[in-house]
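Take a look at the structure set out below.
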Amino acid sequence: MRFRTTAVVAGASSLLLLTGCGAADMTKQASPFANAQGVKTVTLSVQSWVGAQANVAVAQYLLEHELGYRVDTVQIDEVPAWDALSQGRVDALLEDWGHPEEEQRYVKDKKTIVPGGDLGVTGHIGWYVPTYFAKQHPDVTDWKNLNKYADRMRTAESGGKGQLMDGSPSYVTNDKALVNNLDLDYQVVFAGSEAAQITQIKQFAKEKKPFLTYWYSPQWLFKKVPMTEVKLPEYKEGCDADAEKVACAYPHTPLQKYLNADFAKSGGEAAALLKKFKWTTEDQNEVSLMIAEQKLSPEEAAKKWVDSHESTWKAWLS
Amino acid sequence: MATVTTAAPRIAVPGVLKHPVLRKLLLLALAAAILVPLANARWASGTWPAALTVDFTEPLTKASVWIIDNRDSHPLFLYFFGHISNAVVLAVRAVYLVLLAAGWAGVTAAASLVAWRVAGFRLAAGTGIAFLACGFLGMWIPTMQTLALMVVAVLASVAVGALLGLAAGLSDRMDRILRPVLDTMQVLPAYAYLLPVVLVFGMGVPAAVLATVVYAAPPMARLTALGLRGADKEVLEAVESLGTTARQRLLTARIPLARKELLLGLNQTIMMALSMAVIASVIGAGGLGDRVYQALGSVDVGAALAAGIPIVLLAVVLDRVTGAAGEALGDEPQPNGRARWAYALVAAVAVAVAGRLAGRLDWPDAWALNIAEPVNRAVDWMTDHLYSGVPVIGGTADWAAHFTTWVLDPVRDTLQWLPWWSVLLIVAALAWLIGTWRTALTAVLAMAAIGVLGVWEPSLDTLSQVLAAVAVTLVLGFATGIAAARSDRVERMLRPVLDVFQTMPQFVYLIPVVALFGVGRAPAVAAAVVYALPAVVRITTQGLRQVDPAALESARSLGATPAQQLRQVQLPLARPALLLAVNQGVVLVLAVVIIGSLVGGGALGYEVVAGLAQGDLATGLVAGAAIVCLGLMLDRVTQPTERRAKKGA
């Protein structure tokens, strides 16, 4: 360990000399692990849901095997990912569900982030009940009748009210305000992560119990546990502007990619590939299902998809 | 859990103390009789009155937005924080590049040879195997990233800690100022340190390193001060009589005399730095912790284990090697020790160069051992077969559900149902009975601060988890401790287990509990119990074993049965140790219950995570401050009077 320490001492003293004067902009400092040993590195942000992992897995596979990059992935939640992207600690964000405030700050005002185009997938958030329950009680799919079923959705964690299950605290959600403003007899319970939520949904489905959950499409779980959306008051442009007063459904969002501005300019082939990266809901679900249900590693899943969809990704490389 | 709140005063009321205890209780009752009706009339009972809270959301949100907007333009950031951040990035990068340049063979060889020189052949072999295991698990690069971050953080912590310790060791005034601060920092959960650094530095390695330094420097400072102050007076006088200057005395006598404490401080700093470097993955530290964090997010126990094992191996190796270095200090220096160091250095460089020439710098992919899949299959089998519906005993998920509905829910509901002033009164009474009026005052103020911050309910939720976990820990810990104190064989069997468990970073405990109990509050409590148990067992055993043999002998000669001996002689005499065990148990449990929010523990820890996740630092900071207050309160309530009087450690 001795030569390591000497190297540190040497490094530290030289860096003191280097940085002794002048300004140091910490928003321009990349991760210390990036581009080590002259290998071209791209850092991608992965969010915690499987769909996002699928995007990253395929992008990573192509960058590594077709273009010879080394890819680092970092798990960052949605909002901090914007900050990290702006600072250049990650190079790209492949699936964003709409963060107008951050977009205004970083893309329009500071210009440290540039849009990377459509992902090709349209996302929609909503409230869902299992189809087996909706068939028995068709009126549950209207929010006005939800209170009738509140006592059937009760659990240990929700106390005396019905349980509305939410995923990770980091996901886009207005549920607490919605429950409040629509006068629903429900308690929002956070499962903590998508995976925890899936585990719970599967447990409920195994016993054919009713449940009400925050869920989103595209999502591979619909193939395993069919779910029906509950109609909320219709979405109109701007009805979700005030987070406290939201009383309408979630919009349909074409999911977006974003790149760090410097990376977009000087990222070469990698930046070009990530800008062109565009696939369909079916493609994403195929890879997600392999990762989450067949328990393939993301790399294996990406390889399988890449092997069978050459025409799709060849277009991204040209 | 109600049993804890009532059990504590019962311990505290042996015959002699009766009068002061009564007096204290009377005084408190008097104060309550005057204040409670007033408070009741002014603000309603029940939960903390809204009139008494201060909303920090707006100023905090403003501050955080200001920081984000000005981070790349304001001189404070450009000329001060920017340089710190830059220095950290460059230093970590330098170490990382050196590690990568040495290649896996070079790093393994260097680590083993260092272990051989300071700790002997067996530890050297263990170190080598540990590093190779990291490679086989496919974790070489993350291990090196964590190691690079650790090296920088430990060096910085040691420098900062030694400086503070030197100041506190040489100046009485500095000692008086620093001691309470360091004492308090020691009891705070790691999570509380994350948010302030994120606020200034943003997510990423610089913030992670700085949080680690803040967390890991205090033990170094405490032990340095302790070592300098504990130096043998006669030796110092002898040195002084030789006409040395103050600086000569410091360099030739006091520091060398404090070597043992300094190395112990280094050991503790390294262990705490590792623990924090892993937790800091929540704020973008990368490396092994990030792999665990990602895996926990998708409840992928196999992947979490593959990243968790290297963390455990690193912890054990670092602990043993630095510990052995401390023990070897008193020995005679070996002949030609310098030459052997030179051999070791040459050998390490030779291996590194050989690895380089062979073109084998990166760990070969083909050598990876995929443990994630078999582990996940085992976990799936467990969830299918042990989770629920096991005849007679029920499944683990059933236990978790029962624990939640029968223990956690009632405790939480009772705490939240109690009028706010009665919670303050209970805190005051407990703290005063066990400690002094000073600790009682601090505890009450800390608890009141939680109310003022407006997070009364989630804090009581966290508190209920802490109480439940502490109760379980104490029952198990005391039982095991008593068994170990009575039988040498049990103690011999327990010792290595306790050793390993005590060195593991808090994060690692979350992995197995998710596999067993799923997500929710019950697994968080289970992780906390497992984490706090070793310390409680160890302190109990030591306390019982140190009971005066003469007292035991006389009891035995009076014909007391073993049970009577234990109940009437050993336990009362070991009371200080038992109280210390309670105190340690509470502090350790709190640390893990907070992290338990990552597996669905909810409450305060959840607000910190949510604050980080949503970029809503106001929520996170308020919750972080509440965690600090809760830690302070719990520590003061259980703080025996003895700790005040005793110096250090």
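By convention here, the chains of the structure tokens are called A, B, ... in the order presented, each chain's residues are numbered starting at 1, and ligands are numbered starting at 1 in the order presented.
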
**Request:** Name the residues in contact with segment 61-76 of chain A at a cut-off of 8 Å, using only C-alpha atoms, excluding same-chain residues fewer than 2 positions from it; report them as a PyMOL selection string.
**Result:** (chain A and resi 34+39-48+57-59+78+80-81+90+269-270+299+302-303) or (chain B and resi 284+286+290+294+613)

Take the residues from that selection and write them out as a tab-separated table (two decimals), in the first residue's frame, keeping C-alpha atoms.
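Okay, result24.tsv is ready:
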chain	number	residue	atom	x	y	z
A	34	ALA	CA	-14.97	8.35	-15.97
A	39	VAL	CA	-10.95	4.22	-22.50
A	40	LYS	CA	-13.86	6.17	-23.91
A	41	THR	CA	-16.51	6.08	-21.22
A	42	VAL	CA	-20.16	6.99	-21.27
A	43	THR	CA	-22.07	7.30	-18.01
A	44	LEU	CA	-25.76	6.54	-18.23
A	45	SER	CA	-28.32	7.19	-15.55
A	46	VAL	CA	-30.59	4.26	-14.78
A	47	GLN	CA	-33.83	4.82	-12.97
A	48	SER	CA	-35.13	2.15	-10.73
A	57	ALA	CA	-29.22	-2.28	-21.19
A	58	VAL	CA	-29.68	-2.10	-24.97
A	59	ALA	CA	-27.88	1.24	-25.28
A	78	GLU	CA	-35.50	11.17	-11.52
A	80	PRO	CA	-31.48	14.38	-8.92
A	81	ALA	CA	-30.67	12.82	-12.29
A	90	VAL	CA	-23.95	11.48	-16.11
A	269	GLU	CA	-20.48	8.34	-32.03
A	270	ALA	CA	-21.90	7.65	-28.58
A	299	GLU	CA	-26.77	-7.72	-20.61
A	302	ALA	CA	-30.05	-6.87	-24.41
A	303	LYS	CA	-28.02	-9.37	-26.42
B	284	GLY	CA	-23.95	8.93	-5.81
B	286	GLY	CA	-20.74	4.63	-6.89
B	290	ASP	CA	-24.20	1.53	-5.50
B	294	GLN	CA	-29.45	-0.83	-7.17
B	613	ALA	CA	-35.20	11.31	-4.57

If you take only C-alpha atoms and a cut-off of 7 Å, which residues of chain B touch chain A, and what are their nearest atom pairs and distances in Å to one decimal, in chain and number order, as JSON lines?
{"residue": "B:Asp72", "atom": "CA", "partner": "A:Asp25", "partner_atom": "CA", "distance": 5.7}
{"residue": "B:Leu78", "atom": "CA", "partner": "A:Ala24", "partner_atom": "CA", "distance": 5.0}
{"residue": "B:Tyr79", "atom": "CA", "partner": "A:Ala23", "partner_atom": "CA", "distance": 5.2}
{"residue": "B:Gly82", "atom": "CA", "partner": "A:Met26", "partner_atom": "CA", "distance": 4.8}
{"residue": "B:His83", "atom": "CA", "partner": "A:Ala24", "partner_atom": "CA", "distance": 5.5}
{"residue": "B:Ser85", "atom": "CA", "partner": "A:Met26", "partner_atom": "CA", "distance": 6.4}
{"residue": "B:Asn86", "atom": "CA", "partner": "A:Met26", "partner_atom": "CA", "distance": 6.7}
{"residue": "B:Ala87", "atom": "CA", "partner": "A:Leu15", "partner_atom": "CA", "distance": 6.6}
{"residue": "B:Val89", "atom": "CA", "partner": "A:Pro32", "partner_atom": "CA", "distance": 5.3}
{"residue": "B:Leu90", "atom": "CA", "partner": "A:Pro32", "partner_atom": "CA", "distance": 6.8}
{"residue": "B:Ala91", "atom": "CA", "partner": "A:Ala12", "partner_atom": "CA", "distance": 6.0}
{"residue": "B:Val92", "atom": "CA", "partner": "A:Pro32", "partner_atom": "CA", "distance": 6.2}
{"residue": "B:Arg93", "atom": "CA", "partner": "A:Pro32", "partner_atom": "CA", "distance": 4.6}
{"residue": "B:Ala94", "atom": "CA", "partner": "A:Gly11", "partner_atom": "CA", "distance": 6.3}
{"residue": "B:Val95", "atom": "CA", "partner": "A:Val8", "partner_atom": "CA", "distance": 6.1}
{"residue": "B:Leu97", "atom": "CA", "partner": "A:Ala36", "partner_atom": "CA", "distance": 6.6}
{"residue": "B:Val98", "atom": "CA", "partner": "A:Arg4", "partner_atom": "CA", "distance": 6.8}
{"residue": "B:Ala110", "atom": "CA", "partner": "A:Met1", "partner_atom": "CA", "distance": 6.0}
{"residue": "B:Ala111", "atom": "CA", "partner": "A:Met1", "partner_atom": "CA", "distance": 6.3}
{"residue": "B:Val114", "atom": "CA", "partner": "A:Met1", "partner_atom": "CA", "distance": 6.4}
{"residue": "B:Met203", "atom": "CA", "partner": "A:Ala84", "partner_atom": "CA", "distance": 6.5}
{"residue": "B:Val205", "atom": "CA", "partner": "A:Ser31", "partner_atom": "CA", "distance": 6.9}
{"residue": "B:Gly286", "atom": "CA", "partner": "A:Val74", "partner_atom": "CA", "distance": 6.9}
{"residue": "B:Gln294", "atom": "CA", "partner": "A:Gln75", "partner_atom": "CA", "distance": 6.3}
{"residue": "B:Gly297", "atom": "CA", "partner": "A:Ser193", "partner_atom": "CA", "distance": 5.8}
{"residue": "B:Ser298", "atom": "CA", "partner": "A:Ala195", "partner_atom": "CA", "distance": 4.7}
{"residue": "B:Val299", "atom": "CA", "partner": "A:Ala195", "partner_atom": "CA", "distance": 5.9}
{"residue": "B:Thr405", "atom": "CA", "partner": "A:Ala156", "partner_atom": "CA", "distance": 6.5}
{"residue": "B:Val519", "atom": "CA", "partner": "A:Ala196", "partner_atom": "CA", "distance": 6.6}
{"residue": "B:Leu598", "atom": "CA", "partner": "A:Gly192", "partner_atom": "CA", "distance": 6.9}
{"residue": "B:Val599", "atom": "CA", "partner": "A:Gly192", "partner_atom": "CA", "distance": 6.6}
{"residue": "B:Gly600", "atom": "CA", "partner": "A:Gly192", "partner_atom": "CA", "distance": 5.2}
{"residue": "B:Ala610", "atom": "CA", "partner": "A:Pro169", "partner_atom": "CA", "distance": 5.4}
{"residue": "B:Ala613", "atom": "CA", "partner": "A:Ser170", "partner_atom": "CA", "distance": 4.8}
{"residue": "B:Gln614", "atom": "CA", "partner": "A:Ser170", "partner_atom": "CA", "distance": 5.3}
{"residue": "B:Gly615", "atom": "CA", "partner": "A:Val79", "partner_atom": "CA", "distance": 5.5}

Keeping only N, CA and C atoms, write those residues as a compact mmCIF listing (two decimals), in the first residue's frame.
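Written out: result.txt:
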# COMPACT_ATOMS: atom_id res chain seq x y z
N ASP B 72 -22.73 27.52 -10.36
CA ASP B 72 -21.69 27.69 -11.36
C ASP B 72 -21.30 29.15 -11.57
N LEU B 78 -17.26 29.10 -6.72
CA LEU B 78 -16.16 29.02 -7.67
C LEU B 78 -14.81 28.97 -6.97
N TYR B 79 -14.66 29.75 -5.90
CA TYR B 79 -13.33 29.87 -5.31
C TYR B 79 -13.15 29.06 -4.03
N GLY B 82 -15.79 24.84 -4.94
CA GLY B 82 -15.35 24.28 -6.21
C GLY B 82 -13.98 23.64 -6.09
N HIS B 83 -13.09 24.30 -5.37
CA HIS B 83 -11.73 23.75 -5.21
C HIS B 83 -11.75 22.50 -4.36
N SER B 85 -14.22 20.44 -4.03
CA SER B 85 -14.81 19.40 -4.86
C SER B 85 -13.79 18.90 -5.89
N ASN B 86 -13.11 19.84 -6.50
CA ASN B 86 -12.12 19.50 -7.52
C ASN B 86 -10.99 18.66 -6.92
N ALA B 87 -10.52 19.07 -5.75
CA ALA B 87 -9.44 18.33 -5.11
C ALA B 87 -9.88 16.89 -4.83
N VAL B 89 -12.22 15.16 -6.38
CA VAL B 89 -12.33 14.42 -7.63
C VAL B 89 -10.95 14.00 -8.12
N LEU B 90 -10.00 14.94 -8.12
CA LEU B 90 -8.66 14.61 -8.63
C LEU B 90 -7.98 13.55 -7.78
N ALA B 91 -8.13 13.66 -6.45
CA ALA B 91 -7.46 12.71 -5.57
C ALA B 91 -8.04 11.31 -5.76
N VAL B 92 -9.38 11.24 -5.78
CA VAL B 92 -10.00 9.92 -5.96
C VAL B 92 -9.58 9.34 -7.31
N ARG B 93 -9.56 10.20 -8.31
CA ARG B 93 -9.19 9.74 -9.63
C ARG B 93 -7.75 9.24 -9.65
N ALA B 94 -6.85 9.97 -8.98
CA ALA B 94 -5.45 9.56 -8.95
C ALA B 94 -5.33 8.17 -8.32
N VAL B 95 -5.97 7.98 -7.17
CA VAL B 95 -5.88 6.68 -6.51
C VAL B 95 -6.48 5.59 -7.40
N LEU B 97 -6.75 5.52 -10.62
CA LEU B 97 -5.88 5.21 -11.76
C LEU B 97 -4.71 4.35 -11.32
N VAL B 98 -4.15 4.66 -10.14
CA VAL B 98 -3.04 3.85 -9.64
C VAL B 98 -3.51 2.41 -9.44
N ALA B 110 0.07 -6.47 -3.61
CA ALA B 110 0.48 -5.38 -2.72
C ALA B 110 -0.27 -5.48 -1.39
N ALA B 111 -1.58 -5.72 -1.47
CA ALA B 111 -2.37 -5.79 -0.24
C ALA B 111 -1.90 -6.96 0.62
N VAL B 114 1.53 -6.16 2.23
CA VAL B 114 1.41 -5.22 3.35
C VAL B 114 0.86 -5.96 4.57
N MET B 203 -25.22 15.73 -5.99
CA MET B 203 -24.96 14.30 -5.91
C MET B 203 -23.60 14.00 -6.52
N VAL B 205 -19.42 11.99 -6.17
CA VAL B 205 -18.31 11.53 -5.35
C VAL B 205 -17.83 12.58 -4.34
N GLY B 286 -21.17 5.68 -5.97
CA GLY B 286 -20.74 4.63 -6.89
C GLY B 286 -20.11 3.47 -6.17
N GLN B 294 -28.68 -0.47 -5.98
CA GLN B 294 -29.45 -0.83 -7.17
C GLN B 294 -30.17 -2.14 -6.97
N GLY B 297 -33.13 -1.88 -4.74
CA GLY B 297 -34.22 -1.20 -5.43
C GLY B 297 -35.07 -2.17 -6.23
N SER B 298 -34.44 -3.25 -6.75
CA SER B 298 -35.23 -4.21 -7.52
C SER B 298 -35.40 -5.51 -6.75
N VAL B 299 -35.18 -5.47 -5.42
CA VAL B 299 -35.31 -6.64 -4.56
C VAL B 299 -34.62 -7.85 -5.18
N THR B 405 -48.70 -6.03 13.00
CA THR B 405 -50.03 -5.70 13.53
C THR B 405 -50.09 -5.81 15.05
N VAL B 519 -40.74 -6.56 2.24
CA VAL B 519 -40.51 -5.15 2.54
C VAL B 519 -41.53 -4.68 3.57
N LEU B 598 -35.02 2.18 3.24
CA LEU B 598 -34.73 1.68 1.90
C LEU B 598 -35.46 0.38 1.63
N VAL B 599 -35.89 -0.32 2.68
CA VAL B 599 -36.64 -1.55 2.47
C VAL B 599 -38.06 -1.40 3.00
N GLY B 600 -38.57 -0.16 2.99
CA GLY B 600 -39.97 0.05 3.33
C GLY B 600 -40.24 0.38 4.78
N ALA B 610 -36.96 10.29 0.37
CA ALA B 610 -37.86 10.98 -0.53
C ALA B 610 -37.32 12.36 -0.87
N ALA B 613 -34.69 11.82 -3.30
CA ALA B 613 -35.20 11.31 -4.57
C ALA B 613 -35.94 12.38 -5.35
N GLN B 614 -36.68 13.22 -4.64
CA GLN B 614 -37.48 14.23 -5.33
C GLN B 614 -36.70 15.52 -5.51
N GLY B 615 -35.47 15.55 -5.05
CA GLY B 615 -34.72 16.78 -5.11
C GLY B 615 -35.34 17.84 -4.22

**Item:** Every residue of segment 259-311 of chain A that DSSP places in helix (DSSP H, G or I), as an MDAnalysis selection string
**Value:** chainID A and resid 261:266 268:276 281:292 298:308 310:311

**Contact residues around Ala32 of chain B with only C-alpha atoms at 10 Å, ignoring same-chain residues under 5 positions, as a ChimeraX atom specification** = /B:26-27,37-39,421-422,425

**Request:** For segment 216-226 of chain A, work out the shell of residues within 8 Å, counting only C-alpha atoms and skipping chain neighbours fewer than 5 positions away, then give it as JSON, numbers by chain.
**Result:** {"A": [51, 121, 122, 123, 124, 125, 126, 130, 131, 132, 198, 202, 205, 281, 285, 286, 288, 289]}

**Prompt:** Leaving out Ala449 of chain B and any residue of its chain fewer than 2 positions from it, which residues lie within 10 Å of it when counting only C-alpha atoms, given as a ChimeraX atom specification?
**Reply:** /B:52-54,443-447,451-456,625-626,629-630

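If you look at atom CA of Arg42 of chain B and atom CA of Val423 of chain B, they are 17.4 Å away from each other.
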
**Request:** Could you give me the residues within segment 62-289 of chain A that DSSP places in strand (DSSP E or B), as JSON, numbers by chain?
**Result:** {"A": [70, 71, 72, 73, 74, 75, 92, 93, 94, 95, 96, 113, 114, 115, 116, 117, 118, 119, 120, 121, 122, 123, 124, 125, 126, 127, 128, 129, 130, 142, 162, 163, 164, 165, 166, 186, 187, 188, 189, 190, 212, 213, 214, 215, 216, 217, 227, 228, 229, 230, 231, 252, 253, 254, 255, 256, 257, 258, 259, 260]}

Keeping only C-alpha atoms, take the residues you just selected and write them out as an mmCIF file, in the first residue's frame.
data_model
loop_
_atom_site.group_PDB
_atom_site.id
_atom_site.type_symbol
_atom_site.label_atom_id
_atom_site.label_comp_id
_atom_site.auth_asym_id
_atom_site.auth_seq_id
_atom_site.Cartn_x
_atom_site.Cartn_y
_atom_site.Cartn_z
ATOM 1 C CA ARG A 70 -16.929 1.467 -21.644
ATOM 2 C CA VAL A 71 -20.293 2.231 -20.063
ATOM 3 C CA ASP A 72 -20.766 3.140 -16.425
ATOM 4 C CA THR A 73 -24.295 3.105 -15.104
ATOM 5 C CA VAL A 74 -25.383 5.003 -12.026
ATOM 6 C CA GLN A 75 -28.696 4.611 -10.294
ATOM 7 C CA ALA A 92 -27.476 10.882 -20.758
ATOM 8 C CA LEU A 93 -30.939 10.241 -19.389
ATOM 9 C CA LEU A 94 -32.903 7.902 -21.632
ATOM 10 C CA GLU A 95 -36.420 7.970 -20.242
ATOM 11 C CA ASP A 96 -37.959 11.044 -18.676
ATOM 12 C CA ILE A 113 -28.879 20.020 -20.923
ATOM 13 C CA VAL A 114 -30.168 19.489 -24.443
ATOM 14 C CA PRO A 115 -33.180 17.405 -25.472
ATOM 15 C CA GLY A 116 -32.240 14.098 -27.064
ATOM 16 C CA GLY A 117 -35.496 13.445 -28.869
ATOM 17 C CA ASP A 118 -38.346 10.987 -28.400
ATOM 18 C CA LEU A 119 -37.713 7.566 -26.949
ATOM 19 C CA GLY A 120 -40.592 6.331 -29.108
ATOM 20 C CA VAL A 121 -42.591 5.115 -26.154
ATOM 21 C CA THR A 122 -45.649 6.864 -24.749
ATOM 22 C CA GLY A 123 -46.052 6.629 -21.031
ATOM 23 C CA HIS A 124 -49.233 6.850 -19.047
ATOM 24 C CA ILE A 125 -49.728 6.816 -15.300
ATOM 25 C CA GLY A 126 -53.023 5.835 -13.754
ATOM 26 C CA TRP A 127 -54.862 3.989 -11.034
ATOM 27 C CA TYR A 128 -55.506 0.328 -11.678
ATOM 28 C CA VAL A 129 -57.546 -2.506 -10.200
ATOM 29 C CA PRO A 130 -57.028 -6.167 -11.140
ATOM 30 C CA ASP A 142 -65.149 4.910 -12.090
ATOM 31 C CA GLY A 162 -58.614 1.629 1.814
ATOM 32 C CA GLN A 163 -55.076 1.237 0.494
ATOM 33 C CA LEU A 164 -53.891 3.026 -2.627
ATOM 34 C CA MET A 165 -50.507 1.497 -3.295
ATOM 35 C CA ASP A 166 -47.783 3.750 -4.656
ATOM 36 C CA TYR A 186 -58.120 5.972 0.944
ATOM 37 C CA GLN A 187 -54.623 6.092 2.360
ATOM 38 C CA VAL A 188 -51.584 6.299 0.050
ATOM 39 C CA VAL A 189 -49.071 3.616 1.063
ATOM 40 C CA PHE A 190 -45.637 3.661 -0.540
ATOM 41 C CA LEU A 212 -55.977 -0.442 -5.976
ATOM 42 C CA THR A 213 -52.578 0.612 -7.232
ATOM 43 C CA TYR A 214 -50.703 3.444 -8.879
ATOM 44 C CA TRP A 215 -49.353 1.889 -12.042
ATOM 45 C CA TYR A 216 -48.137 2.852 -15.475
ATOM 46 C CA SER A 217 -47.861 1.647 -19.003
ATOM 47 C CA MET A 227 -55.238 -4.787 -14.684
ATOM 48 C CA THR A 228 -57.979 -2.336 -15.621
ATOM 49 C CA GLU A 229 -57.612 1.410 -15.305
ATOM 50 C CA VAL A 230 -59.891 3.375 -13.003
ATOM 51 C CA LYS A 231 -61.280 6.471 -14.730
ATOM 52 C CA HIS A 252 -50.194 10.634 -21.800
ATOM 53 C CA THR A 253 -46.529 11.549 -22.042
ATOM 54 C CA PRO A 254 -44.257 10.830 -24.999
ATOM 55 C CA LEU A 255 -41.142 9.833 -23.060
ATOM 56 C CA GLN A 256 -38.085 11.955 -23.741
ATOM 57 C CA LYS A 257 -34.322 11.531 -23.807
ATOM 58 C CA TYR A 258 -31.952 14.228 -22.540
ATOM 59 C CA LEU A 259 -28.215 14.657 -22.986
ATOM 60 C CA ASN A 260 -25.643 16.738 -21.212
#

**Prompt:** Do you have the atom CA of Pro196 of chain B-atom CA of Ala211 of chain B distance handy?
**Reply:** 8.7 Å

**Message:** Applying 9 Å and only C-alpha atoms, which residues near Trp305 of chain A remain after dropping the ones on its own chain fewer than 4 positions away? List them as a PyMOL selection string.
**Reply:** chain A and resi 58+283+286-287+300-301+309-310

**Item:** Nearest to Ala428 of chain B, chosen from B:Ile595, B:Leu60, B:Leu28, B:Ala535, with only C-alpha atoms counted in the distances
**Value:** B:Leu28

**Message:** Report as a count of residues only all protein, DNA and RNA residues lying within 12 Å of Leu170 of chain B, evaluated on only C-alpha atoms, omitting residues in the same chain fewer than 6 positions from it.
**Reply:** 18

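Comparing the minimum interatomic distances between Val198 of chain B and each of B:Ala440, B:Leu369, B:Leu264, B:Ala285, counting only C-alpha atoms, we find that B:Ala285 sits nearest.
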
**Message:** For a test of reading the model, state the distance in Å between atom CA of Ala307 of chain B and atom CA of Met493 of chain B, rounded to one decimal.
**Reply:** 27.8 Å
